[in-house]
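Have a look at the structure below, then the notes.
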Amino acid sequence: MRFQTLLLAITSLAVSINAYWLEDITHQGVAPFAGDGYTVFRNVKDFGAKGDGTTDDTAAITAAMNSPDNRCLQGCASTTTKPAIVYFPSGTYLISSSIVPPYFTQMIGDVNNRPVLKATANFQGFGLVDGNPYYTENLNWVSTNVFYRQIRNFVFDTTGIAPATAATGIHWPTSQATSLINVEFNMPTDASTVHVGLFIESGSGGFMSDLTFNGGATGASMGNQQYTMRNLVFNNCQTAIIQLWNWGWTYIGLQINNCQKGIDITAGGSDALDVGSITVIDSTFKDTPVGITTAFESGAKPDTAASIILENVNLQNVPTAVQGPSGTLLEGGSTTIAGWGQGHQYTPDGPKTFQGTITPNERPASLVGDNGYYSRSKPQYEDLAASDIVSARSSGAKGDASTDDTAALQSAINSAASGGKVLFLDYGLYKVTGTLSIPAGSKIVGEGYPIIMASGDAFGDMNNPKPLLQVGAKSGDAGQVEFSDFVVGTQGPAPGATLIEWNLATSGTPSGMWDVHARVGGFQGSQFTVAECLKQPGSSAIDTKCIGAYMLMHVTPQATNLYMENTWLWTADHDIEDSTNTQITVYSGRGLYIESTVGTFWLVGTAVEHNHLYNYQLANTKNIFASMLQTETPYYQPTPDALEPFPVVTTLKDPDFASACNGVSGNCANAWGLRIVDSSDVFIYGAGHYSFFNNYSTDCSTVEAGENCQARIVSIEGSTTNVNVYGLNTIGSLSMIDKDGTSLASWKDNVNVYPANVMMFRTG
């Protein structure tokens, strides 16, 4: 009897460990433009995969990825119409050739018992997962246009391939709204190994977190415009990280253990450095002879390339912290580097070249966690059961892009929150004609990036804006909310739509947004595509049918304690459904506006692009942490410029370009990338503010052209104090940063690999 009881307990425990609710719930996502019978959620075992460690599952997994045969692969530029989640239950899946996820695909494994993708000895292909294959000499998808994909909860194993045979875990040249999360790479540790865990050669990222690399010649070999990477662990790699090139890169919480080299940024050599900059914070290097190796030396070119910031970096048995081509630049040992760097600094005057110890940022207690700045990985609610999940479609919402789902979604939101359950937003395009109220306690998880779209007259008046999602009924309401894996946008003209209004004042565990994005236009169902909003170069006429939003996100005065990770707020510059990604003109008034007087916000790997007045604005706020902010100025500006069609709203502290541009030469009335007004204690660890176009022409954005797409791009105004920016990169702006209308830094003085770079800026 005791044995039977014990056996039952063990069996029940095993079931509870393995029962991930995502596998158990009924899946009923709808892709309204994919055709009848299209299935969003696919379990690889339903396609014949065994996961038994002996069967070759390549064909079955490929079938799960590609069914039906018209998903977006070779020759398809991009699309949002055929999404898929390809789910892997626990098991070991042998594969003999690369798995290629089509565009708009998520690969998700059982979070409670991660599945293993293991290469056979005769494996053929570029990556166990090839995220962007070379069918020709070029990548299949333009890497800077690869959006909305993720891989999470997997182990990739190349140990079955001979160590001296080339092998790669994941090939991942992608861009915004993509992620790798909770992934382990196992490679041979033999001295002859040439295996690489992660390979990226191009793109415009991006975010990754919670990756572990064991063995291999190189854990991660990467080139991309910019990235935030958090909680990456490297064990027993010959080289943990090789940076092939970048503009800027922020590493948070690195752990490099028993590798021969930590980070290699020598690419290009001292005469033509390819790596713009790296920022490393809250990290540990252990039992590694050289922490960072660089080709930078006196006289190296470009002038500010290979810039470095180290802050709160712990060394344990690391003889050389930073090594240059002629010897040691920073001694190591067993110590903590409070602050060290090299590059150009403005404090606030400059430029001054520095190489040596710096005073680290004095971090407010409200922003700090156990081992540095607070962070939290995306919750997957793995301890919940299927009965703890409320389906939006089971609650009556259709998600078919035409039915008014306002009442059904509101009912589902209220029901889930009051019952302490998670609302599962089955894939679909949910048309909403009024504000959705998000009560405290809400947890909303999307399936494959469903989109909630503001539509109709309620959002039609820019003089009376309304929120699509209102988180908390009024500013300062108490409570906590968590969002993950969905998109907000608009359908048809919505000049009065604020997509997210955040009112909550959270105490204790911060509220959070993970992989939550805004997308205004550029997709089927938006009514802002090539057919409606084709670009009109040279014309300053504003088509009111193409005004897509008033503001993408507004954090109100009494809100506080919100953690945002891998959030991309994008007003579309091109039509994702078009076969050549043709450019469109869609107008959104404002990007992300934080005016919380209480402060305490984390912006981890966020980007805001193509908004008319500004992309990021911080006003009357404090205690802000940000890593690798990324913006682009609207491609149509300055024709029209920022003066029309959105009038200045003084209560929102809108920039008044009509008065502020007096006496400023060049294209002054262009959107600010970042504007900070009357704020304090702002800590930015990496920022890329880019202006590539002058009315759809890129002739303005090169060094040879004079970087003159716009006059100014970052502004600090009023009684602003203690603003700290590490790794500020700008492109196409004559001035890199202004204070109350006066330029503090010119691009000409800070030339880097493609952008201009100021590695340390402080207002004092």
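Ligands are numbered from 1 in the order shown, residues from 1 within each chain, and chains are lettered A, B, ... in the order they appear in the structure tokens.
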
Using only C-alpha atoms, which residues sit within 10 Å of segment 250-254 of chain A once same-chain residues fewer than 2 positions away are excluded, as a PDB file with N, CA, C and O atoms, in the first residue's frame?
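Once written, selection37.pdb looks like this:
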ATOM      1  N   PHE A 207      17.070  41.800 -28.971  1.00  0.00           N
ATOM      2  CA  PHE A 207      17.143  41.403 -27.566  1.00  0.00           C
ATOM      3  C   PHE A 207      17.303  39.902 -27.464  1.00  0.00           C
ATOM      4  O   PHE A 207      16.738  39.134 -28.249  1.00  0.00           O
ATOM      5  N   MET A 208      18.086  39.490 -26.458  1.00  0.00           N
ATOM      6  CA  MET A 208      18.215  38.081 -26.076  1.00  0.00           C
ATOM      7  C   MET A 208      18.434  38.023 -24.570  1.00  0.00           C
ATOM      8  O   MET A 208      19.014  38.939 -23.984  1.00  0.00           O
ATOM      9  N   SER A 209      18.001  36.907 -23.971  1.00  0.00           N
ATOM     10  CA  SER A 209      18.266  36.750 -22.543  1.00  0.00           C
ATOM     11  C   SER A 209      18.282  35.283 -22.155  1.00  0.00           C
ATOM     12  O   SER A 209      17.687  34.439 -22.832  1.00  0.00           O
ATOM     13  N   ASP A 210      18.994  35.007 -21.083  1.00  0.00           N
ATOM     14  CA  ASP A 210      18.989  33.689 -20.445  1.00  0.00           C
ATOM     15  C   ASP A 210      19.459  32.603 -21.407  1.00  0.00           C
ATOM     16  O   ASP A 210      18.782  31.597 -21.631  1.00  0.00           O
ATOM     17  N   LEU A 211      20.650  32.826 -21.961  1.00  0.00           N
ATOM     18  CA  LEU A 211      21.284  31.857 -22.850  1.00  0.00           C
ATOM     19  C   LEU A 211      22.524  31.300 -22.170  1.00  0.00           C
ATOM     20  O   LEU A 211      23.266  32.034 -21.511  1.00  0.00           O
ATOM     21  N   GLN A 226      22.857  46.874 -33.373  1.00  0.00           N
ATOM     22  CA  GLN A 226      22.811  47.105 -31.932  1.00  0.00           C
ATOM     23  C   GLN A 226      22.028  45.978 -31.265  1.00  0.00           C
ATOM     24  O   GLN A 226      21.202  45.324 -31.890  1.00  0.00           O
ATOM     25  N   TYR A 227      22.301  45.778 -29.993  1.00  0.00           N
ATOM     26  CA  TYR A 227      21.622  44.732 -29.219  1.00  0.00           C
ATOM     27  C   TYR A 227      21.679  45.057 -27.738  1.00  0.00           C
ATOM     28  O   TYR A 227      22.624  45.700 -27.253  1.00  0.00           O
ATOM     29  N   THR A 228      20.677  44.564 -27.019  1.00  0.00           N
ATOM     30  CA  THR A 228      20.767  44.348 -25.580  1.00  0.00           C
ATOM     31  C   THR A 228      20.766  42.850 -25.356  1.00  0.00           C
ATOM     32  O   THR A 228      19.891  42.138 -25.859  1.00  0.00           O
ATOM     33  N   MET A 229      21.744  42.359 -24.605  1.00  0.00           N
ATOM     34  CA  MET A 229      21.806  40.943 -24.250  1.00  0.00           C
ATOM     35  C   MET A 229      21.951  40.836 -22.740  1.00  0.00           C
ATOM     36  O   MET A 229      22.842  41.459 -22.154  1.00  0.00           O
ATOM     37  N   ARG A 230      21.093  40.036 -22.143  1.00  0.00           N
ATOM     38  CA  ARG A 230      21.008  39.965 -20.688  1.00  0.00           C
ATOM     39  C   ARG A 230      21.097  38.514 -20.232  1.00  0.00           C
ATOM     40  O   ARG A 230      20.477  37.623 -20.820  1.00  0.00           O
ATOM     41  N   ASN A 231      21.900  38.284 -19.209  1.00  0.00           N
ATOM     42  CA  ASN A 231      22.020  36.964 -18.590  1.00  0.00           C
ATOM     43  C   ASN A 231      22.516  35.908 -19.571  1.00  0.00           C
ATOM     44  O   ASN A 231      21.899  34.851 -19.734  1.00  0.00           O
ATOM     45  N   LEU A 232      23.629  36.174 -20.207  1.00  0.00           N
ATOM     46  CA  LEU A 232      24.296  35.188 -21.053  1.00  0.00           C
ATOM     47  C   LEU A 232      25.436  34.553 -20.256  1.00  0.00           C
ATOM     48  O   LEU A 232      26.242  35.270 -19.645  1.00  0.00           O
ATOM     49  N   VAL A 233      25.487  33.219 -20.268  1.00  0.00           N
ATOM     50  CA  VAL A 233      26.487  32.473 -19.514  1.00  0.00           C
ATOM     51  C   VAL A 233      27.330  31.667 -20.497  1.00  0.00           C
ATOM     52  O   VAL A 233      26.799  30.967 -21.367  1.00  0.00           O
ATOM     53  N   PHE A 234      28.650  31.761 -20.355  1.00  0.00           N
ATOM     54  CA  PHE A 234      29.583  31.041 -21.217  1.00  0.00           C
ATOM     55  C   PHE A 234      30.495  30.182 -20.350  1.00  0.00           C
ATOM     56  O   PHE A 234      31.200  30.701 -19.478  1.00  0.00           O
ATOM     57  N   GLY A 248      26.684  49.557 -31.661  1.00  0.00           N
ATOM     58  CA  GLY A 248      26.679  49.632 -30.209  1.00  0.00           C
ATOM     59  C   GLY A 248      26.055  48.378 -29.629  1.00  0.00           C
ATOM     60  O   GLY A 248      25.175  47.766 -30.250  1.00  0.00           O
ATOM     61  N   ILE A 256      31.129  34.789 -17.682  1.00  0.00           N
ATOM     62  CA  ILE A 256      32.098  34.116 -18.549  1.00  0.00           C
ATOM     63  C   ILE A 256      33.020  33.306 -17.655  1.00  0.00           C
ATOM     64  O   ILE A 256      33.766  33.866 -16.835  1.00  0.00           O
ATOM     65  N   ASN A 257      32.955  31.985 -17.802  1.00  0.00           N
ATOM     66  CA  ASN A 257      33.626  31.075 -16.885  1.00  0.00           C
ATOM     67  C   ASN A 257      34.566  30.137 -17.634  1.00  0.00           C
ATOM     68  O   ASN A 257      34.142  29.410 -18.543  1.00  0.00           O
ATOM     69  N   GLY A 262      37.362  36.301 -23.169  1.00  0.00           N
ATOM     70  CA  GLY A 262      35.985  36.687 -22.911  1.00  0.00           C
ATOM     71  C   GLY A 262      35.330  37.285 -24.140  1.00  0.00           C
ATOM     72  O   GLY A 262      34.567  36.627 -24.846  1.00  0.00           O
ATOM     73  N   SER A 277      31.251  49.951 -30.406  1.00  0.00           N
ATOM     74  CA  SER A 277      31.399  50.080 -28.958  1.00  0.00           C
ATOM     75  C   SER A 277      30.712  48.927 -28.263  1.00  0.00           C
ATOM     76  O   SER A 277      29.811  48.291 -28.809  1.00  0.00           O
ATOM     77  N   ILE A 278      31.137  48.676 -27.039  1.00  0.00           N
ATOM     78  CA  ILE A 278      30.449  47.734 -26.160  1.00  0.00           C
ATOM     79  C   ILE A 278      30.333  48.349 -24.772  1.00  0.00           C
ATOM     80  O   ILE A 278      31.221  49.075 -24.318  1.00  0.00           O
ATOM     81  N   THR A 279      29.221  48.056 -24.125  1.00  0.00           N
ATOM     82  CA  THR A 279      28.985  48.454 -22.745  1.00  0.00           C
ATOM     83  C   THR A 279      28.675  47.187 -21.960  1.00  0.00           C
ATOM     84  O   THR A 279      27.778  46.424 -22.337  1.00  0.00           O
ATOM     85  N   VAL A 280      29.437  46.948 -20.902  1.00  0.00           N
ATOM     86  CA  VAL A 280      29.296  45.727 -20.108  1.00  0.00           C
ATOM     87  C   VAL A 280      29.048  46.137 -18.663  1.00  0.00           C
ATOM     88  O   VAL A 280      29.870  46.831 -18.058  1.00  0.00           O
ATOM     89  N   ILE A 281      27.911  45.706 -18.104  1.00  0.00           N
ATOM     90  CA  ILE A 281      27.588  46.065 -16.727  1.00  0.00           C
ATOM     91  C   ILE A 281      27.121  44.839 -15.950  1.00  0.00           C
ATOM     92  O   ILE A 281      26.648  43.864 -16.519  1.00  0.00           O
ATOM     93  N   ASP A 282      27.308  44.906 -14.642  1.00  0.00           N
ATOM     94  CA  ASP A 282      26.768  43.905 -13.705  1.00  0.00           C
ATOM     95  C   ASP A 282      27.141  42.492 -14.131  1.00  0.00           C
ATOM     96  O   ASP A 282      26.299  41.584 -14.164  1.00  0.00           O
ATOM     97  N   SER A 283      28.405  42.283 -14.450  1.00  0.00           N
ATOM     98  CA  SER A 283      28.853  41.038 -15.060  1.00  0.00           C
ATOM     99  C   SER A 283      30.022  40.432 -14.309  1.00  0.00           C
ATOM    100  O   SER A 283      30.674  41.098 -13.497  1.00  0.00           O
ATOM    101  N   THR A 284      30.300  39.143 -14.603  1.00  0.00           N
ATOM    102  CA  THR A 284      31.374  38.403 -13.934  1.00  0.00           C
ATOM    103  C   THR A 284      32.207  37.656 -14.959  1.00  0.00           C
ATOM    104  O   THR A 284      31.670  36.964 -15.832  1.00  0.00           O
ATOM    105  N   PHE A 285      33.533  37.794 -14.864  1.00  0.00           N
ATOM    106  CA  PHE A 285      34.487  37.015 -15.644  1.00  0.00           C
ATOM    107  C   PHE A 285      35.292  36.178 -14.649  1.00  0.00           C
ATOM    108  O   PHE A 285      35.850  36.727 -13.687  1.00  0.00           O
ATOM    109  N   ILE A 309      32.792  50.708 -22.179  1.00  0.00           N
ATOM    110  CA  ILE A 309      32.443  51.056 -20.804  1.00  0.00           C
ATOM    111  C   ILE A 309      32.285  49.760 -20.021  1.00  0.00           C
ATOM    112  O   ILE A 309      31.587  48.831 -20.456  1.00  0.00           O
ATOM    113  N   LEU A 310      32.934  49.684 -18.870  1.00  0.00           N
ATOM    114  CA  LEU A 310      32.744  48.599 -17.916  1.00  0.00           C
ATOM    115  C   LEU A 310      32.247  49.216 -16.613  1.00  0.00           C
ATOM    116  O   LEU A 310      32.855  50.163 -16.103  1.00  0.00           O
ATOM    117  N   GLU A 311      31.153  48.694 -16.062  1.00  0.00           N
ATOM    118  CA  GLU A 311      30.635  49.195 -14.795  1.00  0.00           C
ATOM    119  C   GLU A 311      30.130  48.019 -13.970  1.00  0.00           C
ATOM    120  O   GLU A 311      29.308  47.227 -14.443  1.00  0.00           O
ATOM    121  N   ASN A 312      30.647  47.908 -12.781  1.00  0.00           N
ATOM    122  CA  ASN A 312      30.297  46.817 -11.868  1.00  0.00           C
ATOM    123  C   ASN A 312      30.579  45.465 -12.522  1.00  0.00           C
ATOM    124  O   ASN A 312      29.693  44.634 -12.699  1.00  0.00           O
ATOM    125  N   VAL A 313      31.833  45.260 -12.874  1.00  0.00           N
ATOM    126  CA  VAL A 313      32.280  44.016 -13.495  1.00  0.00           C
ATOM    127  C   VAL A 313      33.226  43.312 -12.528  1.00  0.00           C
ATOM    128  O   VAL A 313      34.286  43.840 -12.182  1.00  0.00           O
ATOM    129  N   ASN A 371      21.701  41.840  -7.850  1.00  0.00           N
ATOM    130  CA  ASN A 371      23.072  41.808  -8.366  1.00  0.00           C
ATOM    131  C   ASN A 371      23.345  42.929  -9.356  1.00  0.00           C
ATOM    132  O   ASN A 371      24.099  42.768 -10.312  1.00  0.00           O
ATOM    133  N   GLY A 372      22.728  44.060  -9.136  1.00  0.00           N
ATOM    134  CA  GLY A 372      22.865  45.178 -10.061  1.00  0.00           C
ATOM    135  C   GLY A 372      21.502  45.785 -10.302  1.00  0.00           C
ATOM    136  O   GLY A 372      20.632  45.765  -9.422  1.00  0.00           O
ATOM    137  N   TYR A 373      21.326  46.331 -11.483  1.00  0.00           N
ATOM    138  CA  TYR A 373      20.016  46.858 -11.819  1.00  0.00           C
ATOM    139  C   TYR A 373      18.973  45.742 -11.802  1.00  0.00           C
ATOM    140  O   TYR A 373      19.247  44.611 -12.197  1.00  0.00           O
ATOM    141  N   SER A 375      16.112  43.333 -12.866  1.00  0.00           N
ATOM    142  CA  SER A 375      15.645  42.751 -14.118  1.00  0.00           C
ATOM    143  C   SER A 375      14.762  41.561 -13.783  1.00  0.00           C
ATOM    144  O   SER A 375      14.837  40.995 -12.690  1.00  0.00           O
ATOM    145  N   VAL A 604      14.413  48.063 -21.182  1.00  0.00           N
ATOM    146  CA  VAL A 604      15.476  47.099 -21.466  1.00  0.00           C
ATOM    147  C   VAL A 604      15.312  46.612 -22.910  1.00  0.00           C
ATOM    148  O   VAL A 604      14.369  45.883 -23.229  1.00  0.00           O
ATOM    149  N   GLY A 605      16.208  47.050 -23.779  1.00  0.00           N
ATOM    150  CA  GLY A 605      16.143  46.621 -25.170  1.00  0.00           C
ATOM    151  C   GLY A 605      14.897  47.112 -25.873  1.00  0.00           C
ATOM    152  O   GLY A 605      14.244  46.356 -26.594  1.00  0.00           O
ATOM    153  N   SER A 627      18.525  50.517 -21.590  1.00  0.00           N
ATOM    154  CA  SER A 627      19.646  49.882 -22.292  1.00  0.00           C
ATOM    155  C   SER A 627      19.344  49.854 -23.778  1.00  0.00           C
ATOM    156  O   SER A 627      18.296  49.370 -24.206  1.00  0.00           O
ATOM    157  N   MET A 628      20.268  50.395 -24.560  1.00  0.00           N
ATOM    158  CA  MET A 628      20.233  50.416 -26.019  1.00  0.00           C
ATOM    159  C   MET A 628      18.885  50.880 -26.565  1.00  0.00           C
ATOM    160  O   MET A 628      18.163  50.155 -27.241  1.00  0.00           O
ATOM    161  N   TYR A 685      22.302  53.126 -20.883  1.00  0.00           N
ATOM    162  CA  TYR A 685      23.443  52.272 -21.195  1.00  0.00           C
ATOM    163  C   TYR A 685      23.316  51.818 -22.656  1.00  0.00           C
ATOM    164  O   TYR A 685      22.933  50.702 -22.948  1.00  0.00           O
ATOM    165  N   GLY A 686      23.637  52.724 -23.545  1.00  0.00           N
ATOM    166  CA  GLY A 686      23.546  52.460 -24.971  1.00  0.00           C
ATOM    167  C   GLY A 686      22.332  53.125 -25.588  1.00  0.00           C
ATOM    168  O   GLY A 686      21.210  53.019 -25.075  1.00  0.00           O
ATOM    169  N   ALA A 687      22.555  53.856 -26.696  1.00  0.00           N
ATOM    170  CA  ALA A 687      21.457  54.512 -27.402  1.00  0.00           C
ATOM    171  C   ALA A 687      21.871  54.726 -28.846  1.00  0.00           C
ATOM    172  O   ALA A 687      22.977  55.210 -29.112  1.00  0.00           O
ATOM    173  N   TYR A 726      25.856  56.298 -21.622  1.00  0.00           N
ATOM    174  CA  TYR A 726      27.007  55.555 -22.121  1.00  0.00           C
ATOM    175  C   TYR A 726      26.689  55.066 -23.541  1.00  0.00           C
ATOM    176  O   TYR A 726      25.619  54.507 -23.791  1.00  0.00           O
ATOM    177  N   GLY A 727      27.609  55.261 -24.454  1.00  0.00           N
ATOM    178  CA  GLY A 727      27.442  54.701 -25.790  1.00  0.00           C
ATOM    179  C   GLY A 727      26.342  55.357 -26.592  1.00  0.00           C
ATOM    180  O   GLY A 727      25.448  54.690 -27.108  1.00  0.00           O
TER     181      GLY A 727
END

Review point. What's the 10 Å shell around Val194 of chain A, counting only C-alpha atoms, without same-chain residues fewer than 3 positions away, as a list in words?
Key: Ala162, Pro163, Ala164, Thr165, Ala166, Ala167, Thr168, Met187, Pro188, Thr189, Asp190, Ala191, Gly216, Ala217, Thr218 and Gln238 of chain A

Checklist line | Selection: 8 Å around Asp110 of chain A, only C-alpha atoms, excl. self and same-chain fewer than 2 positions, as a VMD selection string | finding: chain A and resid 18 20 23 87 to 90 108 112 to 115 153 to 154

Computed gap from atom CA of Phe104 of chain A to atom CA of Gly75 of chain A is 14.8 Å

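Using only C-alpha atoms, the smallest distance between any of A:Ser665, A:Gln345, A:Asn695, A:Ser743 and Ile713 of chain A comes from A:Ser743.
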
One residue among A:Val516, A:Ala541, A:Ala549, A:Ile292 is nearest to Asp641 of chain A when using only C-alpha atoms, and that residue is A:Ala541

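Our summary of the geometry notes that atom CA of Ser507 of chain A is positioned 21.3 Å from atom CA of Ala416 of chain A.
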